[in-house]
$ cat input-v5.csv   # CSV, C-alpha atoms
chain,number,residue,atom,x,y,z
A,89,MET,CA,23.6,71.2,74.2
A,90,SER,CA,25.2,69.3,71.4
A,91,VAL,CA,28.9,68.8,70.5
A,92,LYS,CA,28.6,71.5,67.9
A,93,ASP,CA,27.8,74.2,70.6
A,94,TYR,CA,31.3,73.7,71.9
A,95,ILE,CA,33.4,73.8,68.7
A,96,ARG,CA,34.4,76.4,66.2
A,97,GLU,CA,32.6,74.9,63.3
A,98,ARG,CA,34.2,77.1,60.7
A,99,PHE,CA,37.5,75.2,61.2
A,100,PHE,CA,35.9,71.8,60.4
A,101,PRO,CA,36.7,69.3,58.9
A,102,HIS,CA,39.8,69.5,61.2
A,103,MET,CA,43.4,69.0,60.0
A,104,TRP,CA,44.0,65.7,61.7
A,105,CYS,CA,44.6,62.6,59.5
A,106,PRO,CA,41.8,60.0,59.0
A,107,GLY,CA,41.5,57.9,62.2
A,108,CYS,CA,43.7,60.2,64.4
A,109,GLY,CA,43.1,59.6,68.1
A,110,HIS,CA,43.3,63.3,68.9
A,111,GLY,CA,39.8,63.7,67.5
A,112,VAL,CA,38.5,61.1,69.9
A,113,VAL,CA,40.1,63.0,72.8
A,114,LEU,CA,38.4,66.2,71.5
A,115,ASN,CA,35.1,64.4,71.3
A,116,ALA,CA,35.4,63.0,74.9
A,117,MET,CA,36.6,66.3,76.3
A,118,ILE,CA,33.6,68.1,75.0
A,119,ARG,CA,31.3,65.5,76.6
A,120,ALA,CA,33.2,65.9,79.8
A,121,VAL,CA,32.8,69.7,79.8
A,122,GLU,CA,29.1,69.3,78.9
A,123,SER,CA,28.5,66.9,81.8
A,124,LEU,CA,30.1,69.4,84.2
A,125,GLY,CA,27.7,72.0,83.1
A,126,MET,CA,30.5,74.6,82.8
A,127,SER,CA,30.0,77.7,80.8
A,128,LYS,CA,32.5,78.1,77.9
A,129,ASN,CA,33.7,81.3,79.6
A,130,GLU,CA,35.0,79.5,82.6
A,131,ILE,CA,37.5,77.4,80.6
A,132,VAL,CA,40.8,78.3,79.1
A,133,MET,CA,42.6,75.9,76.9
A,134,VAL,CA,46.3,76.5,76.5
A,135,SER,CA,48.4,74.4,74.1
A,136,GLY,CA,51.9,74.3,72.7
A,137,ILE,CA,52.9,72.9,69.3
A,138,GLY,CA,52.2,69.7,67.5
A,139,CYS,CA,49.2,67.9,66.1
A,140,SER,CA,47.7,67.6,69.6
A,141,ALA,CA,48.1,71.3,70.3
A,142,ARG,CA,45.7,72.1,67.4
A,143,ILE,CA,42.9,71.0,69.7
A,144,SER,CA,42.7,74.4,71.3
A,145,GLY,CA,41.8,76.0,68.0
A,146,TYR,CA,38.8,73.8,67.5
A,147,VAL,CA,37.1,74.4,70.9
A,148,ASP,CA,35.0,77.5,71.5
A,149,PHE,CA,36.5,78.2,75.0
A,150,HIS,CA,39.1,80.9,75.8
A,151,SER,CA,42.1,79.5,74.0
A,152,MET,CA,45.8,80.2,73.6
A,153,HIS,CA,48.1,78.5,71.1
A,154,THR,CA,51.6,79.1,72.5
A,155,ILE,CA,55.2,78.0,71.9
A,156,HIS,CA,56.6,74.4,71.8
A,157,GLY,CA,56.7,72.8,75.2
A,158,ARG,CA,55.9,76.0,77.1
A,159,ALA,CA,52.1,75.7,77.3
A,160,LEU,CA,52.3,74.9,81.0
A,161,ALA,CA,54.3,78.1,81.7
A,162,PHE,CA,51.7,80.2,79.9
A,163,ALA,CA,49.0,78.3,81.7
A,164,THR,CA,50.6,79.0,85.0
A,165,GLY,CA,50.5,82.8,84.3
A,166,ILE,CA,46.9,82.6,83.4
A,167,LYS,CA,46.0,80.6,86.4
A,168,MET,CA,48.0,82.9,88.8
A,169,SER,CA,46.2,86.0,87.5
A,170,ARG,CA,42.7,84.5,87.1
A,171,PRO,CA,42.6,81.5,89.6
A,172,GLU,CA,38.8,81.2,89.1
A,173,LEU,CA,39.2,79.9,85.6
A,174,ASN,CA,39.6,76.2,84.7
A,175,VAL,CA,42.8,75.7,82.8
A,176,ILE,CA,43.1,72.7,80.5
A,177,VAL,CA,46.5,72.0,78.8
A,178,PRO,CA,46.4,69.4,76.0
A,179,MET,CA,49.9,68.3,75.1
A,180,GLY,CA,51.5,65.7,72.9
A,181,ASP,CA,54.1,63.3,74.4
A,182,GLY,CA,57.0,65.1,72.9
A,183,ASP,CA,55.6,68.6,73.6
A,184,ALA,CA,55.0,67.6,77.3
A,185,LEU,CA,58.1,65.5,78.1
A,186,ALA,CA,60.9,66.4,75.7
A,187,ILE,CA,60.6,70.0,74.7
A,188,GLY,CA,58.6,70.9,77.8
A,189,GLY,CA,60.0,68.4,80.2
A,190,ASN,CA,61.1,70.9,82.8
A,191,HIS,CA,57.9,72.9,82.7
A,192,PHE,CA,56.0,69.7,83.2
A,193,LEU,CA,58.0,68.5,86.2
A,194,HIS,CA,57.8,71.9,87.9
A,195,ALA,CA,54.1,72.5,87.3
A,196,ALA,CA,53.6,69.1,88.9
A,197,ARG,CA,55.9,69.9,91.8
A,198,ARG,CA,54.1,73.1,92.5
A,199,ASN,CA,50.7,71.4,92.5
A,200,ILE,CA,49.1,74.3,90.6
A,201,GLU,CA,45.5,73.5,89.8
A,202,MET,CA,45.3,72.7,86.1
A,203,THR,CA,44.6,69.7,83.9
A,204,ALA,CA,47.4,68.4,81.7
A,205,ILE,CA,46.1,66.0,79.1
A,206,VAL,CA,49.1,64.2,77.6
A,207,MET,CA,48.0,62.7,74.3
A,208,ASN,CA,50.6,60.0,73.8
A,209,ASN,CA,50.9,58.8,70.3
A,210,ARG,CA,54.5,57.8,70.7
A,211,ILE,CA,55.8,59.9,67.8
A,212,TYR,CA,56.2,63.4,66.4
A,213,GLY,CA,53.4,63.3,63.9
A,214,MET,CA,53.4,66.9,62.6
A,215,THR,CA,57.1,67.0,61.6
A,216,GLY,CA,57.2,63.6,59.9
A,217,GLY,CA,57.3,60.7,62.3
A,218,GLN,CA,60.5,61.2,64.3
A,219,PHE,CA,60.8,59.1,67.5
A,220,SER,CA,59.8,60.8,70.8
A,221,PRO,CA,60.7,60.1,74.4
A,222,LEU,CA,57.6,57.9,74.5
A,223,SER,CA,58.3,55.8,71.4
A,224,GLY,CA,60.0,53.2,73.5
A,225,TYR,CA,62.7,50.6,72.9
A,226,ALA,CA,62.7,48.9,69.4
A,227,ALA,CA,59.9,51.2,68.0
A,228,ALA,CA,60.5,52.2,64.4
A,229,ALA,CA,60.3,55.9,63.4
A,230,SER,CA,61.5,58.0,60.4
A,231,THR,CA,64.6,58.8,62.5
A,232,ALA,CA,65.0,55.2,63.8
A,233,PRO,CA,64.5,53.0,60.7
A,234,TYR,CA,66.4,50.2,62.4
A,235,GLY,CA,64.5,50.5,65.6
A,236,ASN,CA,64.8,52.9,68.5
A,237,ILE,CA,67.5,52.3,71.1
A,238,ASP,CA,66.1,54.8,73.6
A,239,HIS,CA,63.9,53.6,76.4
A,240,GLY,CA,60.5,55.4,76.9
A,241,PHE,CA,59.3,57.3,79.9
A,242,ASP,CA,56.4,56.0,82.1
A,243,ILE,CA,54.3,59.2,82.2
A,244,ALA,CA,52.3,58.0,85.2
A,245,LYS,CA,55.4,57.2,87.4
A,246,LEU,CA,57.2,60.3,86.3
A,247,SER,CA,54.2,62.6,87.1
A,248,GLU,CA,53.7,60.9,90.5
A,249,ALA,CA,57.4,61.3,91.4
A,250,ALA,CA,57.3,65.0,90.3
A,251,GLY,CA,54.4,65.6,92.7
A,252,ALA,CA,51.2,65.6,90.6
A,253,THR,CA,48.3,65.0,92.9
A,254,PHE,CA,46.0,63.3,90.3
A,255,VAL,CA,47.5,60.9,87.8
A,256,ALA,CA,45.5,58.7,85.5
A,257,ARG,CA,45.8,56.8,82.2
A,258,THR,CA,43.3,55.7,79.6
A,259,THR,CA,43.0,55.1,75.8
A,260,THR,CA,41.0,56.3,72.9
A,261,TYR,CA,39.2,52.9,72.8
A,262,HIS,CA,37.8,53.4,76.3
A,263,VAL,CA,35.7,56.5,75.4
A,264,HIS,CA,33.4,56.4,78.4
A,265,GLU,CA,36.4,56.1,80.8
A,266,LEU,CA,38.2,58.8,78.9
A,267,SER,CA,35.4,61.4,79.3
A,268,ARG,CA,34.9,60.4,83.0
A,269,LEU,CA,38.7,60.8,83.7
A,270,ILE,CA,38.8,64.1,81.9
A,271,ARG,CA,35.9,65.2,84.1
A,272,ASP,CA,37.6,63.9,87.3
A,273,ALA,CA,40.9,65.6,86.3
A,274,ILE,CA,39.1,69.0,85.8
A,275,LEU,CA,37.4,68.7,89.1
A,276,HIS,CA,40.6,67.8,91.0
A,277,GLU,CA,42.0,70.6,93.1
A,278,GLY,CA,45.7,70.4,92.2
A,279,PHE,CA,47.9,69.5,89.2
A,280,SER,CA,46.3,66.6,87.4
A,281,VAL,CA,47.8,64.5,84.6
A,282,LEU,CA,45.8,62.3,82.3
A,283,GLU,CA,47.8,60.3,79.9
A,284,VAL,CA,45.7,59.2,76.9
A,285,LEU,CA,47.1,56.5,74.5
A,286,THR,CA,46.1,57.8,71.1
A,287,GLN,CA,46.7,56.3,67.8
A,288,CYS,CA,48.8,57.8,65.0
A,289,PRO,CA,48.0,55.5,62.1
A,290,THR,CA,49.8,57.7,59.6
A,291,TYR,CA,53.2,57.5,61.2
A,292,PHE,CA,53.5,55.3,64.3
A,293,GLY,CA,51.0,52.8,62.9
A,294,ARG,CA,52.6,52.6,59.5
A,295,TYR,CA,56.3,52.4,60.6
A,296,ASN,CA,55.5,49.8,63.2
A,297,ARG,CA,53.0,47.8,61.2
A,298,ALA,CA,50.4,48.3,63.8
A,299,GLY,CA,47.6,48.5,61.3
A,300,ASP,CA,45.0,51.1,60.6
A,301,ALA,CA,43.2,53.2,63.2
A,302,PRO,CA,40.6,50.5,64.2
A,303,GLU,CA,43.3,47.9,64.5
A,304,MET,CA,45.4,50.2,66.7
A,305,MET,CA,42.3,50.8,68.9
A,306,GLU,CA,41.8,47.0,69.1
A,307,THR,CA,45.3,46.8,70.5
A,308,TYR,CA,44.4,49.3,73.2
A,309,LYS,CA,41.4,47.1,74.0
A,310,ASN,CA,43.4,43.9,74.2
A,311,ARG,CA,46.7,45.1,75.6
A,312,THR,CA,45.5,47.3,78.5
A,313,VAL,CA,43.9,46.3,81.8
A,314,ALA,CA,42.2,48.2,84.7
A,315,VAL,CA,44.6,49.1,87.4
A,316,GLY,CA,45.0,46.4,90.1
A,317,SER,CA,43.8,43.7,87.7
A,318,GLU,CA,45.0,40.1,88.3
A,319,LYS,CA,45.8,39.8,84.6
A,320,LYS,CA,48.8,42.1,85.0
A,321,ASN,CA,50.5,39.5,87.2
A,322,GLN,CA,50.2,36.9,84.5
A,323,ASP,CA,51.2,39.2,81.7
A,324,PRO,CA,53.5,42.0,82.9
A,325,ASP,CA,53.6,43.7,79.4
A,326,LEU,CA,50.0,44.8,79.8
A,327,ILE,CA,49.5,48.5,80.3
A,328,GLU,CA,47.4,49.6,83.3
A,329,ARG,CA,44.6,52.0,82.9
A,330,GLY,CA,42.8,54.0,85.6
A,331,VAL,CA,43.6,56.4,88.4
A,332,PHE,CA,47.1,55.9,89.9
A,333,VAL,CA,47.3,58.8,92.3
A,334,LYS,CA,44.6,61.0,93.9
A,335,LYS,CA,45.6,62.9,96.9
A,336,GLU,CA,45.1,66.3,98.5
A,337,LEU,CA,48.0,68.7,99.0
A,338,PRO,CA,48.1,72.5,99.4
A,339,GLU,CA,47.4,74.1,96.0
A,340,TYR,CA,49.7,76.7,94.6
A,341,CYS,CA,47.3,79.6,93.9
A,342,ARG,CA,45.5,79.2,97.2
A,343,GLU,CA,48.9,79.2,99.1
A,344,TYR,CA,49.9,82.3,97.2
A,345,GLU,CA,46.7,84.0,98.1
A,346,LYS,CA,47.4,83.2,101.8
A,347,VAL,CA,50.8,84.8,101.6
A,348,ILE,CA,49.2,88.0,100.2
A,349,GLU,CA,46.5,88.1,102.8
A,350,LYS,CA,48.9,87.6,105.7
A,351,ASN,CA,51.2,90.3,104.6
A,352,GLN,CA,48.5,92.8,103.8
A,353,GLN,CA,47.2,92.3,107.3
A,354,LYS,CA,50.6,93.1,108.7
A,355,GLN,CA,50.8,96.3,106.7
A,356,THR,CA,47.5,97.7,107.9
B,53,MET,CA,15.6,52.1,81.8
B,54,ALA,CA,13.4,52.9,78.9
B,55,LYS,CA,14.5,51.3,75.6
B,56,LYS,CA,15.8,53.8,73.1
B,57,LYS,CA,14.7,53.8,69.5
B,58,LEU,CA,16.6,55.3,66.6
B,59,LYS,CA,15.3,58.4,65.0
B,60,ALA,CA,18.2,59.1,62.6
B,61,HIS,CA,21.9,59.0,62.1
B,62,HIS,CA,23.1,62.5,61.2
B,63,ILE,CA,26.4,62.2,59.4
B,64,GLU,CA,28.4,65.3,58.3
B,65,ARG,CA,29.5,64.0,54.9
B,66,THR,CA,32.1,66.8,54.5
B,67,TRP,CA,33.7,66.1,57.9
B,68,CYS,CA,33.9,62.3,57.6
B,69,LYS,CA,37.3,61.1,56.5
B,70,GLY,CA,36.4,57.5,56.1
B,71,CYS,CA,38.7,56.1,58.8
B,72,GLY,CA,36.3,53.2,59.5
B,73,ILE,CA,36.4,53.4,63.3
B,74,CYS,CA,32.5,53.6,63.5
B,75,VAL,CA,32.1,50.7,61.0
B,76,HIS,CA,34.6,48.5,62.8
B,77,PHE,CA,33.3,49.0,66.4
B,78,CYS,CA,29.6,49.1,65.7
B,79,PRO,CA,28.2,46.1,67.7
B,80,LYS,CA,25.4,45.6,65.2
B,81,GLN,CA,27.1,46.3,61.9
B,82,VAL,CA,24.8,49.2,61.2
B,83,LEU,CA,27.3,51.5,59.5
B,84,ALA,CA,29.3,51.0,56.3
B,85,LEU,CA,31.5,53.1,54.0
B,86,ASP,CA,30.0,54.1,50.7
B,87,GLU,CA,31.7,54.4,47.3
B,88,HIS,CA,33.2,57.8,48.3
B,89,ASN,CA,34.6,56.2,51.5
B,90,ILE,CA,32.1,58.1,53.7
B,91,ALA,CA,30.2,56.4,56.5
B,92,TYR,CA,26.4,55.8,56.0
B,93,PRO,CA,23.8,53.8,57.9
B,94,ALA,CA,23.5,50.6,55.8
B,95,ASP,CA,21.2,48.8,58.2
B,96,PRO,CA,19.6,51.5,60.5
B,97,GLU,CA,16.9,49.0,61.6
B,98,ALA,CA,19.6,47.1,63.6
B,99,CYS,CA,20.8,50.2,65.5
B,100,ILE,CA,20.5,49.8,69.3
B,101,CYS,CA,21.3,53.5,70.0
B,102,CYS,CA,24.5,52.7,72.0
B,103,ARG,CA,26.0,55.8,70.3
B,104,MET,CA,29.5,54.3,70.4
B,105,CYS,CA,30.0,55.5,66.8
B,106,GLU,CA,29.2,59.0,67.9
B,107,TYR,CA,31.5,58.8,70.9
B,108,ARG,CA,34.5,57.2,69.0
B,109,CYS,CA,34.2,59.4,65.8
B,110,PRO,CA,37.5,61.4,65.6
B,111,ASP,CA,35.9,63.7,63.1
B,112,LEU,CA,32.9,64.6,65.3
B,113,ALA,CA,30.9,63.8,62.2
B,114,ILE,CA,28.2,61.5,63.6
B,115,GLU,CA,25.2,62.3,65.8
B,116,VAL,CA,22.8,59.6,66.6
B,117,GLU,CA,19.3,60.9,67.3
B,118,CYS,CA,17.3,58.6,69.6
B,119,GLN,CA,13.9,58.7,71.2
B,120,GLU,CA,12.6,57.0,74.4
B,121,THR,CA,10.0,54.4,73.7

$ encode --input "input-v5.csv" --output "structure tokens"
Amino acid sequence: MSVKDYIRERFFPHMWCPGCGHGVVLNAMIRAVESLGMSKNEIVMVSGIGCSARISGYVDFHSMHTIHGRALAFATGIKMSRPELNVIVPMGDGDALAIGGNHFLHAARRNIEMTAIVMNNRIYGMTGGQFSPLSGYAAAASTAPYGNIDHGFDIAKLSEAAGATFVARTTTYHVHELSRLIRDAILHEGFSVLEVLTQCPTYFGRYNRAGDAPEMMETYKNRTVAVGSEKKNQDPDLIERGVFVKKELPEYCREYEKVIEKNQQKQT
Amino acid sequence: MAKKKLKAHHIERTWCKGCGICVHFCPKQVLALDEHNIAYPADPEACICCRMCEYRCPDLAIEVECQET
């Protein structure tokens, strides 16, 4: 099957800006799903609001476009009622960690089996380039023309502390790694978080003089290293890529099923 | 592994937004942007079928068709 078998062609060309990293994530996600050999009927994509959330409209899976930050709450409902489905939740950095911060933490704490893909472009693109909780100190944005004074989150550390059992990070430059990690995240039995550094040349790139899309991707190539690399000791500013956490813990839907079974036996 | 040979680059001209990612990252400078700012294979003979343009295209506009030789 080709990429076109997994998309809703009638909505193309898509609404993302030229060079937007979200398209690269869509591209890699389709290849990951294709390599898993899953039927389109086995997958539900639930998204919130923002540029990144539009991804659920372009794929030919079951899809749900919900309210800002609450995609994980809707996804939890779907997963609880139909645990056999694979639930993928693409989110932007603001959608996941500002507006939906609490939903994110508690979905991770419950270890409910779903895949949260946090597309981190460090800005609110759709509404005009306001700074997000991932913009980081000194970044420029439309609402921080003199530089941001907030410090950014570390999504990987935050997810790990909240209880996610699979945590990984990659970028839109590393496309093979990206589709492999999406695949691993989908296969993981528990709450999995994949942070993808994705370029927003229109706002983040322009405000921060980070160049056009290819230049921003060059930065991902040059300023990231594989997790555990020696280079990180010499240059602590480098961003690590790869799998940070992969562990097995009881999964929420299976535990809930056990409670039902146990109590039904008692009644009969 | 058998060497791959290019059959054709299929580029959806209405989907391409001319971001230049494929042109920039092609290891053999096969692709270029035309006068309408749309990607086209300027030097298809040099293509090594790595398909990095297809994988990195944010517009899903490129498909590289290859054959085993």

$ residues_around --input "input-v5.csv" --residues "A:Tyr225" --least-positions-apart "3" --cutoff "9 Å" --atoms "all atoms listed in the file" --output "VMD selection string"
chain A and resid 228 235 to 240

$ residues_around --input "input-v5.csv" --residues "A:Met152" --least-positions-apart "5" --cutoff "9 Å" --atoms "all atoms listed in the file" --output "JSON, numbers by chain"
{"A": [132, 133, 134, 135, 136, 144, 145, 159, 162, 163]}

$ write_last_selection --input "input-v5.csv" --atoms "C-alpha atoms" --output "PDB file, keeping the file's coordinate frame"
ATOM      1  CA  VAL A 132      40.800  78.300  79.100  1.00  0.00           C
ATOM      2  CA  MET A 133      42.600  75.900  76.900  1.00  0.00           C
ATOM      3  CA  VAL A 134      46.300  76.500  76.500  1.00  0.00           C
ATOM      4  CA  SER A 135      48.400  74.400  74.100  1.00  0.00           C
ATOM      5  CA  GLY A 136      51.900  74.300  72.700  1.00  0.00           C
ATOM      6  CA  SER A 144      42.700  74.400  71.300  1.00  0.00           C
ATOM      7  CA  GLY A 145      41.800  76.000  68.000  1.00  0.00           C
ATOM      8  CA  ALA A 159      52.100  75.700  77.300  1.00  0.00           C
ATOM      9  CA  PHE A 162      51.700  80.200  79.900  1.00  0.00           C
ATOM     10  CA  ALA A 163      49.000  78.300  81.700  1.00  0.00           C
TER      11      ALA A 163
END

$ closest_atom_pairs --input "input-v5.csv" --of "chain A" --to "chain B" --cutoff "9 Å" --atoms "all atoms listed in the file" --output "Markdown table"
| residue | atom | partner | partner_atom | distance |
| --- | --- | --- | --- | --- |
| A:Ser90 | CA | B:Glu115 | CA | 9.0 |
| A:Val91 | CA | B:Leu112 | CA | 7.8 |
| A:Lys92 | CA | B:Leu112 | CA | 8.5 |
| A:Phe100 | CA | B:Trp67 | CA | 6.6 |
| A:Pro101 | CA | B:Trp67 | CA | 4.5 |
| A:His102 | CA | B:Asp111 | CA | 7.2 |
| A:Trp104 | CA | B:Asp111 | CA | 8.5 |
| A:Cys105 | CA | B:Lys69 | CA | 8.0 |
| A:Pro106 | CA | B:Cys71 | CA | 5.0 |
| A:Gly107 | CA | B:Cys71 | CA | 4.8 |
| A:Cys108 | CA | B:Pro110 | CA | 6.4 |
| A:Gly109 | CA | B:Pro110 | CA | 6.4 |
| A:His110 | CA | B:Pro110 | CA | 6.9 |
| A:Gly111 | CA | B:Pro110 | CA | 3.8 |
| A:Val112 | CA | B:Pro110 | CA | 4.4 |
| A:Val113 | CA | B:Pro110 | CA | 7.8 |
| A:Leu114 | CA | B:Pro110 | CA | 7.7 |
| A:Asn115 | CA | B:Leu112 | CA | 6.4 |
| A:Ala116 | CA | B:Tyr107 | CA | 7.0 |
| A:Arg119 | CA | B:Tyr107 | CA | 8.8 |
| A:Thr260 | CA | B:Arg108 | CA | 7.6 |
| A:Tyr261 | CA | B:Arg108 | CA | 7.4 |
| A:His262 | CA | B:Arg108 | CA | 8.9 |
| A:Val263 | CA | B:Arg108 | CA | 6.5 |
| A:His264 | CA | B:Tyr107 | CA | 8.1 |
| A:Asp300 | CA | B:Cys71 | CA | 8.2 |
| A:Ala301 | CA | B:Ile73 | CA | 6.8 |
| A:Pro302 | CA | B:Ile73 | CA | 5.2 |
| A:Glu303 | CA | B:His76 | CA | 8.9 |
| A:Met305 | CA | B:Ile73 | CA | 8.5 |

$ residues_around --input "input-v5.csv" --residues "A:Ala252" --least-positions-apart "6" --cutoff "9 Å" --atoms "all atoms listed in the file" --output "list in words"
Leu193, Ala195, Ala196, Arg197, Arg198, Asn199, Ile200, Gly278, Phe279, Ser280, Val281, Val333, Lys334 and Lys335 of chain A

$ write_last_selection --input "input-v5.csv" --atoms "C-alpha atoms" --output "PDB file, keeping the file's coordinate frame"
ATOM      1  CA  LEU A 193      58.000  68.500  86.200  1.00  0.00           C
ATOM      2  CA  ALA A 195      54.100  72.500  87.300  1.00  0.00           C
ATOM      3  CA  ALA A 196      53.600  69.100  88.900  1.00  0.00           C
ATOM      4  CA  ARG A 197      55.900  69.900  91.800  1.00  0.00           C
ATOM      5  CA  ARG A 198      54.100  73.100  92.500  1.00  0.00           C
ATOM      6  CA  ASN A 199      50.700  71.400  92.500  1.00  0.00           C
ATOM      7  CA  ILE A 200      49.100  74.300  90.600  1.00  0.00           C
ATOM      8  CA  GLY A 278      45.700  70.400  92.200  1.00  0.00           C
ATOM      9  CA  PHE A 279      47.900  69.500  89.200  1.00  0.00           C
ATOM     10  CA  SER A 280      46.300  66.600  87.400  1.00  0.00           C
ATOM     11  CA  VAL A 281      47.800  64.500  84.600  1.00  0.00           C
ATOM     12  CA  VAL A 333      47.300  58.800  92.300  1.00  0.00           C
ATOM     13  CA  LYS A 334      44.600  61.000  93.900  1.00  0.00           C
ATOM     14  CA  LYS A 335      45.600  62.900  96.900  1.00  0.00           C
TER      15      LYS A 335
END

$ atom_distance --input "input-v5.csv" --atom1 "atom CA of A:Tyr212" --atom2 "atom CA of A:Thr231"
10.3 Å

$ atom_distance --input "input-v5.csv" --atom1 "atom CA of A:Ala229" --atom2 "atom CA of A:Ser140"
18.3 Å

$ closest_residue --input "input-v5.csv" --among "B:Ala60, B:Cys78, B:Ala91, B:Ala84" --to "B:Val116" --atoms "only C-alpha atoms"
B:Ala60
